[in-house]
Every structure is written in C-alpha cells, then in structure tokens.
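**Q** Provided herewith: my_file_26.txt, compact mmCIF, N, CA and C atoms.
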```txt
# COMPACT_ATOMS: atom_id res chain seq x y z
N ALA A 1229 65.13 146.36 34.38
CA ALA A 1229 66.44 145.89 33.95
C ALA A 1229 66.93 146.79 32.82
N LYS A 1230 68.11 147.33 33.00
CA LYS A 1230 68.68 148.21 31.99
C LYS A 1230 69.19 147.37 30.83
N LEU A 1231 68.80 147.77 29.63
CA LEU A 1231 69.19 147.04 28.44
C LEU A 1231 70.43 147.67 27.83
N ASP A 1232 71.30 146.83 27.36
CA ASP A 1232 72.47 147.27 26.61
C ASP A 1232 71.99 147.65 25.21
N THR A 1233 72.58 148.66 24.63
CA THR A 1233 72.19 149.11 23.30
C THR A 1233 72.33 147.98 22.28
N ALA A 1234 73.36 147.15 22.43
CA ALA A 1234 73.53 146.02 21.52
C ALA A 1234 72.36 145.06 21.64
N ASP A 1235 71.84 144.86 22.85
CA ASP A 1235 70.67 143.99 23.04
C ASP A 1235 69.46 144.57 22.32
N VAL A 1236 69.28 145.86 22.42
CA VAL A 1236 68.15 146.52 21.75
C VAL A 1236 68.27 146.34 20.25
N ILE A 1237 69.44 146.57 19.70
CA ILE A 1237 69.65 146.43 18.26
C ILE A 1237 69.38 145.00 17.84
N GLU A 1238 69.85 144.04 18.64
CA GLU A 1238 69.64 142.63 18.31
C GLU A 1238 68.15 142.28 18.27
N VAL A 1239 67.39 142.76 19.24
CA VAL A 1239 65.95 142.47 19.27
C VAL A 1239 65.27 143.10 18.06
N PHE A 1240 65.59 144.34 17.75
CA PHE A 1240 64.94 145.01 16.62
C PHE A 1240 65.36 144.39 15.29
N ALA A 1241 66.51 143.77 15.24
CA ALA A 1241 66.98 143.13 14.01
C ALA A 1241 66.31 141.79 13.78
N SER A 1242 65.74 141.21 14.81
CA SER A 1242 65.15 139.88 14.72
C SER A 1242 63.63 139.94 14.76
N GLU A 1243 62.99 139.46 13.70
CA GLU A 1243 61.52 139.43 13.66
C GLU A 1243 60.98 138.55 14.78
N ARG A 1244 61.65 137.43 15.05
CA ARG A 1244 61.19 136.49 16.08
C ARG A 1244 61.21 137.15 17.44
N SER A 1245 62.27 137.86 17.76
CA SER A 1245 62.36 138.54 19.06
C SER A 1245 61.28 139.60 19.19
N LEU A 1246 60.99 140.29 18.10
CA LEU A 1246 59.94 141.31 18.13
C LEU A 1246 58.58 140.68 18.40
N ASP A 1247 58.33 139.53 17.80
CA ASP A 1247 57.05 138.86 18.02
C ASP A 1247 56.89 138.40 19.46
N GLU A 1248 57.99 138.03 20.10
CA GLU A 1248 57.94 137.52 21.47
C GLU A 1248 57.91 138.63 22.52
N ALA A 1249 58.32 139.81 22.14
CA ALA A 1249 58.41 140.92 23.10
C ALA A 1249 57.02 141.48 23.40
N THR A 1250 56.84 141.93 24.63
CA THR A 1250 55.58 142.57 25.00
C THR A 1250 55.60 144.02 24.53
N ALA A 1251 54.44 144.63 24.52
CA ALA A 1251 54.34 146.02 24.10
C ALA A 1251 55.19 146.91 25.01
N GLU A 1252 55.15 146.65 26.30
CA GLU A 1252 55.94 147.46 27.25
C GLU A 1252 57.44 147.27 26.99
N ASP A 1253 57.86 146.03 26.71
CA ASP A 1253 59.27 145.77 26.39
C ASP A 1253 59.68 146.57 25.16
N LEU A 1254 58.81 146.56 24.14
CA LEU A 1254 59.14 147.27 22.91
C LEU A 1254 59.22 148.77 23.13
N ARG A 1255 58.30 149.31 23.92
CA ARG A 1255 58.36 150.75 24.23
C ARG A 1255 59.67 151.09 24.94
N HIS A 1256 60.03 150.25 25.91
CA HIS A 1256 61.26 150.48 26.67
C HIS A 1256 62.48 150.37 25.76
N MET A 1257 62.50 149.36 24.90
CA MET A 1257 63.65 149.19 24.01
C MET A 1257 63.76 150.34 23.03
N PHE A 1258 62.64 150.81 22.52
CA PHE A 1258 62.67 151.92 21.57
C PHE A 1258 63.17 153.18 22.26
N ALA A 1259 62.70 153.42 23.47
CA ALA A 1259 63.17 154.59 24.23
C ALA A 1259 64.67 154.47 24.52
N THR A 1260 65.11 153.26 24.84
CA THR A 1260 66.54 153.03 25.10
C THR A 1260 67.35 153.33 23.86
N PHE A 1261 66.87 152.86 22.71
CA PHE A 1261 67.60 153.12 21.48
C PHE A 1261 67.66 154.60 21.16
N ILE A 1262 66.56 155.30 21.32
CA ILE A 1262 66.52 156.73 21.01
C ILE A 1262 67.54 157.48 21.87
N GLU A 1263 67.59 157.14 23.16
CA GLU A 1263 68.55 157.79 24.07
C GLU A 1263 69.98 157.44 23.66
N ALA A 1264 70.23 156.16 23.37
CA ALA A 1264 71.58 155.75 22.97
C ALA A 1264 71.97 156.41 21.65
N ASP A 1265 71.04 156.54 20.74
CA ASP A 1265 71.31 157.18 19.45
C ASP A 1265 71.68 158.65 19.65
N ARG A 1266 70.95 159.32 20.54
CA ARG A 1266 71.25 160.72 20.83
C ARG A 1266 72.66 160.86 21.41
N GLU A 1267 72.97 160.00 22.38
CA GLU A 1267 74.30 160.05 23.01
C GLU A 1267 75.39 159.74 22.00
N THR A 1268 75.15 158.77 21.14
CA THR A 1268 76.14 158.38 20.14
C THR A 1268 76.38 159.52 19.16
N ASN A 1269 75.32 160.18 18.74
CA ASN A 1269 75.49 161.32 17.83
C ASN A 1269 76.32 162.43 18.48
N GLU A 1270 76.08 162.68 19.76
CA GLU A 1270 76.88 163.69 20.47
C GLU A 1270 78.35 163.29 20.51
N LEU A 1271 78.61 162.01 20.79
CA LEU A 1271 79.99 161.53 20.84
C LEU A 1271 80.66 161.60 19.47
N CYS A 1272 79.93 161.28 18.43
CA CYS A 1272 80.49 161.37 17.08
C CYS A 1272 80.82 162.82 16.73
N THR A 1273 79.95 163.74 17.12
CA THR A 1273 80.20 165.16 16.88
C THR A 1273 81.46 165.61 17.62
N GLU A 1274 81.60 165.18 18.88
CA GLU A 1274 82.81 165.52 19.65
C GLU A 1274 84.05 164.94 19.00
N ALA A 1275 83.94 163.70 18.50
CA ALA A 1275 85.08 163.06 17.85
C ALA A 1275 85.46 163.80 16.56
N GLN A 1276 84.45 164.21 15.80
CA GLN A 1276 84.73 164.97 14.58
C GLN A 1276 85.45 166.27 14.90
N GLN A 1277 85.00 166.94 15.96
CA GLN A 1277 85.65 168.20 16.36
C GLN A 1277 87.08 167.96 16.79
N ALA A 1278 87.32 166.89 17.54
CA ALA A 1278 88.68 166.58 17.99
C ALA A 1278 89.58 166.26 16.81
N ILE A 1279 89.06 165.51 15.86
CA ILE A 1279 89.84 165.17 14.67
C ILE A 1279 90.14 166.43 13.85
N ALA A 1280 89.14 167.29 13.75
CA ALA A 1280 89.34 168.54 13.00
C ALA A 1280 90.42 169.41 13.66
N GLU A 1281 90.40 169.43 15.00
CA GLU A 1281 91.43 170.20 15.72
C GLU A 1281 92.82 169.62 15.46
N LYS A 1282 92.92 168.29 15.45
CA LYS A 1282 94.21 167.65 15.18
C LYS A 1282 94.67 167.95 13.75
N ALA A 1283 93.71 167.87 12.82
CA ALA A 1283 94.04 168.13 11.42
C ALA A 1283 94.45 169.59 11.23
N ALA A 1284 93.83 170.49 12.00
CA ALA A 1284 94.15 171.91 11.88
C ALA A 1284 95.54 172.21 12.41
N GLY A 1285 96.08 171.31 13.21
CA GLY A 1285 97.42 171.50 13.77
C GLY A 1285 98.51 171.22 12.76
N HIS A 1286 98.13 171.01 11.50
CA HIS A 1286 99.08 170.78 10.42
C HIS A 1286 100.05 169.65 10.73
N LEU A 1287 99.46 168.55 11.15
CA LEU A 1287 100.30 167.39 11.42
C LEU A 1287 100.89 166.88 10.12
N GLU A 1288 102.13 166.48 10.20
CA GLU A 1288 102.80 165.99 9.00
C GLU A 1288 103.26 164.56 9.23
N GLY A 1289 103.49 163.85 8.16
CA GLY A 1289 104.03 162.49 8.23
C GLY A 1289 103.06 161.55 8.91
N GLY A 1290 103.53 160.91 10.00
CA GLY A 1290 102.74 159.94 10.73
C GLY A 1290 101.50 160.56 11.35
N GLY A 1291 101.60 161.82 11.74
CA GLY A 1291 100.45 162.49 12.33
C GLY A 1291 99.31 162.64 11.33
N ALA A 1292 99.62 162.94 10.11
CA ALA A 1292 98.60 163.07 9.08
C ALA A 1292 97.95 161.72 8.80
N ASN A 1293 98.79 160.67 8.80
CA ASN A 1293 98.24 159.33 8.60
C ASN A 1293 97.31 158.93 9.75
N ALA A 1294 97.71 159.29 10.97
CA ALA A 1294 96.87 158.96 12.13
C ALA A 1294 95.53 159.67 12.05
N VAL A 1295 95.53 160.93 11.65
CA VAL A 1295 94.28 161.69 11.52
C VAL A 1295 93.41 161.06 10.43
N ALA A 1296 94.02 160.68 9.33
CA ALA A 1296 93.28 160.05 8.23
C ALA A 1296 92.65 158.74 8.70
N GLN A 1297 93.41 157.96 9.48
CA GLN A 1297 92.88 156.69 10.02
C GLN A 1297 91.72 156.94 10.97
N LEU A 1298 91.85 157.97 11.80
CA LEU A 1298 90.75 158.30 12.72
C LEU A 1298 89.49 158.70 11.96
N LYS A 1299 89.67 159.51 10.91
CA LYS A 1299 88.53 159.91 10.10
C LYS A 1299 87.86 158.70 9.46
N LYS A 1300 88.70 157.78 8.99
CA LYS A 1300 88.18 156.58 8.34
C LYS A 1300 87.40 155.71 9.35
N ARG A 1301 87.96 155.54 10.55
CA ARG A 1301 87.28 154.74 11.58
C ARG A 1301 85.97 155.40 12.02
N LEU A 1302 86.00 156.71 12.17
CA LEU A 1302 84.79 157.43 12.58
C LEU A 1302 83.70 157.31 11.49
N ALA A 1303 84.10 157.42 10.23
CA ALA A 1303 83.14 157.27 9.13
C ALA A 1303 82.53 155.86 9.14
N ALA A 1304 83.32 154.84 9.44
CA ALA A 1304 82.82 153.46 9.50
C ALA A 1304 81.82 153.30 10.64
N VAL A 1305 82.13 153.91 11.79
CA VAL A 1305 81.22 153.86 12.93
C VAL A 1305 79.91 154.55 12.59
N GLN A 1306 79.99 155.70 11.96
CA GLN A 1306 78.78 156.44 11.60
C GLN A 1306 77.93 155.67 10.58
N GLN A 1307 78.57 154.97 9.65
CA GLN A 1307 77.83 154.17 8.69
C GLN A 1307 77.10 153.01 9.39
N GLU A 1308 77.79 152.38 10.32
CA GLU A 1308 77.17 151.28 11.07
C GLU A 1308 76.00 151.79 11.91
N LEU A 1309 76.18 152.92 12.54
CA LEU A 1309 75.09 153.51 13.32
C LEU A 1309 73.90 153.87 12.42
N ALA A 1310 74.17 154.41 11.27
CA ALA A 1310 73.10 154.77 10.33
C ALA A 1310 72.33 153.52 9.90
N LYS A 1311 73.05 152.42 9.69
CA LYS A 1311 72.40 151.17 9.31
C LYS A 1311 71.46 150.70 10.41
N HIS A 1312 71.92 150.73 11.67
CA HIS A 1312 71.07 150.32 12.79
C HIS A 1312 69.90 151.28 12.98
N ARG A 1313 70.16 152.56 12.84
CA ARG A 1313 69.10 153.56 12.98
C ARG A 1313 68.00 153.33 11.95
N GLN A 1314 68.41 153.08 10.71
CA GLN A 1314 67.44 152.85 9.64
C GLN A 1314 66.64 151.58 9.92
N ASN A 1315 67.29 150.54 10.39
CA ASN A 1315 66.61 149.28 10.72
C ASN A 1315 65.58 149.50 11.82
N ILE A 1316 65.97 150.19 12.85
CA ILE A 1316 65.06 150.40 13.98
C ILE A 1316 63.93 151.34 13.61
N GLN A 1317 64.21 152.36 12.84
CA GLN A 1317 63.14 153.27 12.43
C GLN A 1317 62.14 152.54 11.55
N GLY A 1318 62.61 151.58 10.78
CA GLY A 1318 61.70 150.77 9.98
C GLY A 1318 60.80 149.91 10.86
N LYS A 1319 61.28 149.56 12.03
CA LYS A 1319 60.50 148.72 12.95
C LYS A 1319 59.56 149.55 13.83
N GLU A 1320 59.72 150.86 13.82
CA GLU A 1320 58.90 151.72 14.69
C GLU A 1320 57.41 151.49 14.43
N ARG A 1321 57.05 151.36 13.19
CA ARG A 1321 55.65 151.13 12.84
C ARG A 1321 55.16 149.79 13.41
N LEU A 1322 56.03 148.79 13.31
CA LEU A 1322 55.70 147.48 13.85
C LEU A 1322 55.51 147.56 15.37
N VAL A 1323 56.37 148.32 16.02
CA VAL A 1323 56.27 148.49 17.47
C VAL A 1323 54.95 149.15 17.83
N LYS A 1324 54.59 150.20 17.13
CA LYS A 1324 53.33 150.90 17.42
C LYS A 1324 52.14 149.97 17.17
N SER A 1325 52.22 149.18 16.12
CA SER A 1325 51.14 148.23 15.82
C SER A 1325 51.02 147.19 16.92
N LYS A 1326 52.16 146.72 17.40
CA LYS A 1326 52.16 145.71 18.47
C LYS A 1326 51.55 146.30 19.75
N VAL A 1327 51.86 147.54 20.06
CA VAL A 1327 51.29 148.19 21.24
C VAL A 1327 49.77 148.27 21.11
N VAL A 1328 49.29 148.70 19.95
CA VAL A 1328 47.84 148.81 19.74
C VAL A 1328 47.21 147.42 19.80
N LEU A 1329 47.85 146.44 19.20
CA LEU A 1329 47.33 145.07 19.22
C LEU A 1329 47.20 144.56 20.65
N CYS A 1330 48.20 144.78 21.47
CA CYS A 1330 48.15 144.34 22.87
C CYS A 1330 47.01 145.04 23.62
N GLN A 1331 46.83 146.32 23.38
CA GLN A 1331 45.75 147.06 24.04
C GLN A 1331 44.39 146.53 23.60
N GLU A 1332 44.24 146.26 22.32
CA GLU A 1332 42.97 145.75 21.81
C GLU A 1332 42.71 144.32 22.29
N GLU A 1333 43.77 143.51 22.41
CA GLU A 1333 43.59 142.16 22.94
C GLU A 1333 43.09 142.21 24.38
N GLU A 1334 43.61 143.15 25.15
CA GLU A 1334 43.15 143.27 26.54
C GLU A 1334 41.68 143.69 26.58
N LYS A 1335 41.29 144.60 25.71
CA LYS A 1335 39.88 145.00 25.65
C LYS A 1335 39.00 143.81 25.26
N LEU A 1336 39.46 143.04 24.29
CA LEU A 1336 38.71 141.86 23.85
C LEU A 1336 38.59 140.83 24.97
N ASN A 1337 39.69 140.59 25.67
CA ASN A 1337 39.67 139.64 26.79
C ASN A 1337 38.70 140.10 27.86
N SER A 1338 38.69 141.39 28.14
CA SER A 1338 37.78 141.94 29.13
C SER A 1338 36.32 141.75 28.69
N ALA A 1339 36.06 142.01 27.42
CA ALA A 1339 34.70 141.83 26.89
C ALA A 1339 34.29 140.36 26.95
N GLU A 1340 35.21 139.46 26.64
CA GLU A 1340 34.91 138.03 26.69
C GLU A 1340 34.59 137.58 28.12
N ARG A 1341 35.34 138.10 29.08
CA ARG A 1341 35.06 137.77 30.49
C ARG A 1341 33.68 138.28 30.89
N GLU A 1342 33.32 139.46 30.43
CA GLU A 1342 32.01 140.03 30.73
C GLU A 1342 30.89 139.21 30.09
N VAL A 1343 31.10 138.77 28.85
CA VAL A 1343 30.11 137.94 28.17
C VAL A 1343 29.93 136.62 28.92
N THR A 1344 31.01 136.02 29.34
CA THR A 1344 30.94 134.76 30.10
C THR A 1344 30.16 134.97 31.39
N ARG A 1345 30.44 136.07 32.06
CA ARG A 1345 29.73 136.37 33.31
C ARG A 1345 28.24 136.57 33.05
N LEU A 1346 27.92 137.30 31.98
CA LEU A 1346 26.51 137.56 31.67
C LEU A 1346 25.79 136.30 31.18
N GLU A 1347 26.51 135.44 30.48
CA GLU A 1347 25.91 134.16 30.08
C GLU A 1347 25.50 133.36 31.30
N ALA A 1348 26.36 133.37 32.31
CA ALA A 1348 26.04 132.65 33.55
C ALA A 1348 24.81 133.26 34.22
N LEU A 1349 24.69 134.57 34.16
CA LEU A 1349 23.51 135.22 34.75
C LEU A 1349 22.25 134.94 33.92
N ALA A 1350 22.39 134.92 32.60
CA ALA A 1350 21.23 134.73 31.73
C ALA A 1350 20.76 133.28 31.70
N ASN A 1351 21.67 132.36 31.93
CA ASN A 1351 21.35 130.93 31.89
C ASN A 1351 21.71 130.27 33.21
N PRO A 1352 20.97 130.57 34.25
CA PRO A 1352 21.33 129.98 35.55
C PRO A 1352 21.12 128.47 35.54
N GLU A 1353 21.89 127.81 36.37
CA GLU A 1353 21.74 126.37 36.50
C GLU A 1353 20.37 126.08 37.09
N GLU A 1354 19.85 124.88 36.80
CA GLU A 1354 18.54 124.52 37.34
C GLU A 1354 18.57 124.59 38.85
N GLY A 1355 17.51 125.12 39.39
CA GLY A 1355 17.42 125.23 40.84
C GLY A 1355 18.01 126.52 41.38
N THR A 1356 18.71 127.28 40.53
CA THR A 1356 19.31 128.54 40.96
C THR A 1356 18.39 129.68 40.53
N GLN A 1357 18.15 130.58 41.41
CA GLN A 1357 17.27 131.70 41.09
C GLN A 1357 18.09 132.91 40.68
N THR A 1358 17.58 133.63 39.69
CA THR A 1358 18.23 134.86 39.23
C THR A 1358 17.46 136.03 39.80
N SER A 1359 18.18 136.97 40.38
CA SER A 1359 17.51 138.15 40.94
C SER A 1359 17.05 139.05 39.81
N SER A 1360 16.10 139.90 40.11
CA SER A 1360 15.60 140.83 39.10
C SER A 1360 16.69 141.81 38.69
N ALA A 1361 17.59 142.14 39.62
CA ALA A 1361 18.70 143.05 39.29
C ALA A 1361 19.63 142.39 38.28
N ASP A 1362 19.90 141.08 38.47
CA ASP A 1362 20.75 140.35 37.51
C ASP A 1362 20.08 140.30 36.15
N ALA A 1363 18.78 140.02 36.12
CA ALA A 1363 18.04 139.94 34.87
C ALA A 1363 18.05 141.30 34.16
N PHE A 1364 17.86 142.36 34.92
CA PHE A 1364 17.87 143.71 34.35
C PHE A 1364 19.26 144.01 33.75
N GLU A 1365 20.32 143.60 34.48
CA GLU A 1365 21.68 143.85 34.00
C GLU A 1365 21.92 143.11 32.68
N VAL A 1366 21.44 141.87 32.57
CA VAL A 1366 21.61 141.10 31.34
C VAL A 1366 20.90 141.80 30.18
N VAL A 1367 19.68 142.26 30.40
CA VAL A 1367 18.93 142.95 29.35
C VAL A 1367 19.63 144.25 28.96
N GLN A 1368 20.09 144.99 29.95
CA GLN A 1368 20.78 146.26 29.69
C GLN A 1368 22.05 146.04 28.87
N VAL A 1369 22.86 145.05 29.25
CA VAL A 1369 24.10 144.78 28.52
C VAL A 1369 23.79 144.28 27.12
N ALA A 1370 22.76 143.45 26.97
CA ALA A 1370 22.37 142.97 25.64
C ALA A 1370 22.00 144.14 24.75
N ASP A 1371 21.29 145.10 25.29
CA ASP A 1371 20.95 146.31 24.52
C ASP A 1371 22.21 147.07 24.12
N ASP A 1372 23.14 147.20 25.06
CA ASP A 1372 24.40 147.91 24.77
C ASP A 1372 25.19 147.20 23.67
N PHE A 1373 25.26 145.86 23.75
CA PHE A 1373 25.98 145.10 22.73
C PHE A 1373 25.30 145.26 21.36
N GLU A 1374 23.99 145.27 21.35
CA GLU A 1374 23.27 145.43 20.09
C GLU A 1374 23.57 146.80 19.47
N LYS A 1375 23.64 147.83 20.28
CA LYS A 1375 23.95 149.16 19.79
C LYS A 1375 25.37 149.19 19.20
N VAL A 1376 26.31 148.53 19.89
CA VAL A 1376 27.69 148.49 19.40
C VAL A 1376 27.77 147.74 18.08
N LEU A 1377 27.05 146.64 17.98
CA LEU A 1377 27.07 145.86 16.76
C LEU A 1377 26.47 146.61 15.57
N ARG A 1378 25.48 147.42 15.82
CA ARG A 1378 24.84 148.19 14.76
C ARG A 1378 25.70 149.36 14.29
N ALA A 1379 26.57 149.84 15.15
CA ALA A 1379 27.39 151.02 14.85
C ALA A 1379 28.45 150.71 13.81
```
So that I can check it, write out the structure of this file as structure tokens.

**A**
Amino acid sequence: AKLDTADVIEVFASERSLDEATAEDLRHMFATFIEADRETNELCTEAQQAIAEKAAGHLEGGGANAVAQLKKRLAAVQQELAKHRQNIQGKERLVKSKVVLCQEEEKLNSAEREVTRLEALANPEEGTQTSSADAFEVVQVADDFEKVLRA
C-alpha cells in the first residue's frame, strides 16, 4: 500500500503510532519519506529558479509584490519541510532500534520454541520412550547452551 507523505509524517510525529508500527512498516515509511523529501527539495529548487527568473524580469508594481509573496510562501514551505525533516531524522535512531528489537525478539522466540521442544525430549511422558538420537540431541544442545551462557 502506497503511503501518502502526510501519513508518514503523522506516524513519525506520534510516539504511539511508532510503537504500534512493525519494523517493516517503519523501514517502508522512512524510505517513503526520504524519497518524498528528495522530490520536495527538487521542486523547491525549481520554484526558487522560477521566482528568480520572474524577479530578474524587473517586474514593477503588482508584479514585484507577487514575486515577494511567492518568495514568502516558498520560505514558509521550506521552513515547514525542515521542521518535518528534523522530526523524522530524530526518529531515525528509534526506527533502527525498533528494527533490531524485532529481529532479536524473533531470535528469542525461536530459541524459546527450541527449548520447549528439547524439554519435551528430555522429559518424556511416562510410558514414552526416548530414542538415543533424541537423547544425544538434548545433550548436544545443552552443551551448546552452556557454551553460549559462558561467553
């Protein structure tokens, strides 16, 4: 789903929205903002050039006022963009942290599933026989976990 730049800015402006977003959502939103920021900078540069060309035409009276108004509006737009850019750049660290946190949570969940599986192998229900391969796997994994814990 293509995100509107205003949606991206709204999410980055809200701590609650950032907490609810997935790592992939945050990566996508950050990439969307970077692209929109690049395009906006290009458009502002084009607007500045167009205004400069109009001003160079030695407009007098109402024309000079119109050029001054355009410059004023463009400056306001650039200030607003700078404010959003600064806000989002401040959140970049949070986004990277969230991505790492999600990756580490997945690793932890995987390890927990493995521990649960190995517990079932190590403590079979009464009447259930454990194969020697299962017993060897439990011992091997226990050794691996001990090495990790010591590191």

**Q** To one decimal in Å, tell me the separation between atom CA of A:Phe1373 and atom N of A:Ser1360.

**A**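 A separation of 20.7 Å between them.
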
**Q** Could you please give me, as an MDAnalysis selection string, the residues of protein, DNA or RNA lying at most 12 Å from (72.5, 160.0, 15.9) in the coordinate frame of the file, considering only C-alpha atoms?

**A** chainID A and resid 1261:1273 1305:1314

**Q** Those residues with N, CA and C atoms, as a PDB file, keeping the file's coordinate frame please?

**A**
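Saved to result.pdb:
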```
ATOM      1  N   PHE A1261      66.870 152.860  22.710  1.00  0.00           N
ATOM      2  CA  PHE A1261      67.600 153.120  21.480  1.00  0.00           C
ATOM      3  C   PHE A1261      67.660 154.600  21.160  1.00  0.00           C
ATOM      4  N   ILE A1262      66.560 155.300  21.320  1.00  0.00           N
ATOM      5  CA  ILE A1262      66.520 156.730  21.010  1.00  0.00           C
ATOM      6  C   ILE A1262      67.540 157.480  21.870  1.00  0.00           C
ATOM      7  N   GLU A1263      67.590 157.140  23.160  1.00  0.00           N
ATOM      8  CA  GLU A1263      68.550 157.790  24.070  1.00  0.00           C
ATOM      9  C   GLU A1263      69.980 157.440  23.660  1.00  0.00           C
ATOM     10  N   ALA A1264      70.230 156.160  23.370  1.00  0.00           N
ATOM     11  CA  ALA A1264      71.580 155.750  22.970  1.00  0.00           C
ATOM     12  C   ALA A1264      71.970 156.410  21.650  1.00  0.00           C
ATOM     13  N   ASP A1265      71.040 156.540  20.740  1.00  0.00           N
ATOM     14  CA  ASP A1265      71.310 157.180  19.450  1.00  0.00           C
ATOM     15  C   ASP A1265      71.680 158.650  19.650  1.00  0.00           C
ATOM     16  N   ARG A1266      70.950 159.320  20.540  1.00  0.00           N
ATOM     17  CA  ARG A1266      71.250 160.720  20.830  1.00  0.00           C
ATOM     18  C   ARG A1266      72.660 160.860  21.410  1.00  0.00           C
ATOM     19  N   GLU A1267      72.970 160.000  22.380  1.00  0.00           N
ATOM     20  CA  GLU A1267      74.300 160.050  23.010  1.00  0.00           C
ATOM     21  C   GLU A1267      75.390 159.740  22.000  1.00  0.00           C
ATOM     22  N   THR A1268      75.150 158.770  21.140  1.00  0.00           N
ATOM     23  CA  THR A1268      76.140 158.380  20.140  1.00  0.00           C
ATOM     24  C   THR A1268      76.380 159.520  19.160  1.00  0.00           C
ATOM     25  N   ASN A1269      75.320 160.180  18.740  1.00  0.00           N
ATOM     26  CA  ASN A1269      75.490 161.320  17.830  1.00  0.00           C
ATOM     27  C   ASN A1269      76.320 162.430  18.480  1.00  0.00           C
ATOM     28  N   GLU A1270      76.080 162.680  19.760  1.00  0.00           N
ATOM     29  CA  GLU A1270      76.880 163.690  20.470  1.00  0.00           C
ATOM     30  C   GLU A1270      78.350 163.290  20.510  1.00  0.00           C
ATOM     31  N   LEU A1271      78.610 162.010  20.790  1.00  0.00           N
ATOM     32  CA  LEU A1271      79.990 161.530  20.840  1.00  0.00           C
ATOM     33  C   LEU A1271      80.660 161.600  19.470  1.00  0.00           C
ATOM     34  N   CYS A1272      79.930 161.280  18.430  1.00  0.00           N
ATOM     35  CA  CYS A1272      80.490 161.370  17.080  1.00  0.00           C
ATOM     36  C   CYS A1272      80.820 162.820  16.730  1.00  0.00           C
ATOM     37  N   THR A1273      79.950 163.740  17.120  1.00  0.00           N
ATOM     38  CA  THR A1273      80.200 165.160  16.880  1.00  0.00           C
ATOM     39  C   THR A1273      81.460 165.610  17.620  1.00  0.00           C
ATOM     40  N   VAL A1305      82.130 153.910  11.790  1.00  0.00           N
ATOM     41  CA  VAL A1305      81.220 153.860  12.930  1.00  0.00           C
ATOM     42  C   VAL A1305      79.910 154.550  12.590  1.00  0.00           C
ATOM     43  N   GLN A1306      79.990 155.700  11.960  1.00  0.00           N
ATOM     44  CA  GLN A1306      78.780 156.440  11.600  1.00  0.00           C
ATOM     45  C   GLN A1306      77.930 155.670  10.580  1.00  0.00           C
ATOM     46  N   GLN A1307      78.570 154.970   9.650  1.00  0.00           N
ATOM     47  CA  GLN A1307      77.830 154.170   8.690  1.00  0.00           C
ATOM     48  C   GLN A1307      77.100 153.010   9.390  1.00  0.00           C
ATOM     49  N   GLU A1308      77.790 152.380  10.320  1.00  0.00           N
ATOM     50  CA  GLU A1308      77.170 151.280  11.070  1.00  0.00           C
ATOM     51  C   GLU A1308      76.000 151.790  11.910  1.00  0.00           C
ATOM     52  N   LEU A1309      76.180 152.920  12.540  1.00  0.00           N
ATOM     53  CA  LEU A1309      75.090 153.510  13.320  1.00  0.00           C
ATOM     54  C   LEU A1309      73.900 153.870  12.420  1.00  0.00           C
ATOM     55  N   ALA A1310      74.170 154.410  11.270  1.00  0.00           N
ATOM     56  CA  ALA A1310      73.100 154.770  10.330  1.00  0.00           C
ATOM     57  C   ALA A1310      72.330 153.520   9.900  1.00  0.00           C
ATOM     58  N   LYS A1311      73.050 152.420   9.690  1.00  0.00           N
ATOM     59  CA  LYS A1311      72.400 151.170   9.310  1.00  0.00           C
ATOM     60  C   LYS A1311      71.460 150.700  10.410  1.00  0.00           C
ATOM     61  N   HIS A1312      71.920 150.730  11.670  1.00  0.00           N
ATOM     62  CA  HIS A1312      71.070 150.320  12.790  1.00  0.00           C
ATOM     63  C   HIS A1312      69.900 151.280  12.980  1.00  0.00           C
ATOM     64  N   ARG A1313      70.160 152.560  12.840  1.00  0.00           N
ATOM     65  CA  ARG A1313      69.100 153.560  12.980  1.00  0.00           C
ATOM     66  C   ARG A1313      68.000 153.330  11.950  1.00  0.00           C
ATOM     67  N   GLN A1314      68.410 153.080  10.710  1.00  0.00           N
ATOM     68  CA  GLN A1314      67.440 152.850   9.640  1.00  0.00           C
ATOM     69  C   GLN A1314      66.640 151.580   9.920  1.00  0.00           C
TER      70      GLN A1314
END
```

**Q** Find the distance between atom CA of A:Thr1260 and atom CA of A:Cys1330 and write it in Å to one decimal.

**A**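 Computed distance, atom CA of A:Thr1260 to atom CA of A:Cys1330, equals 20.5 Å.
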
**Q** Mind pulling up the distance from atom C of A:Ala1259 to atom N of A:Leu1329?

**A**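 Here the two named atoms are 19.4 Å from each other.
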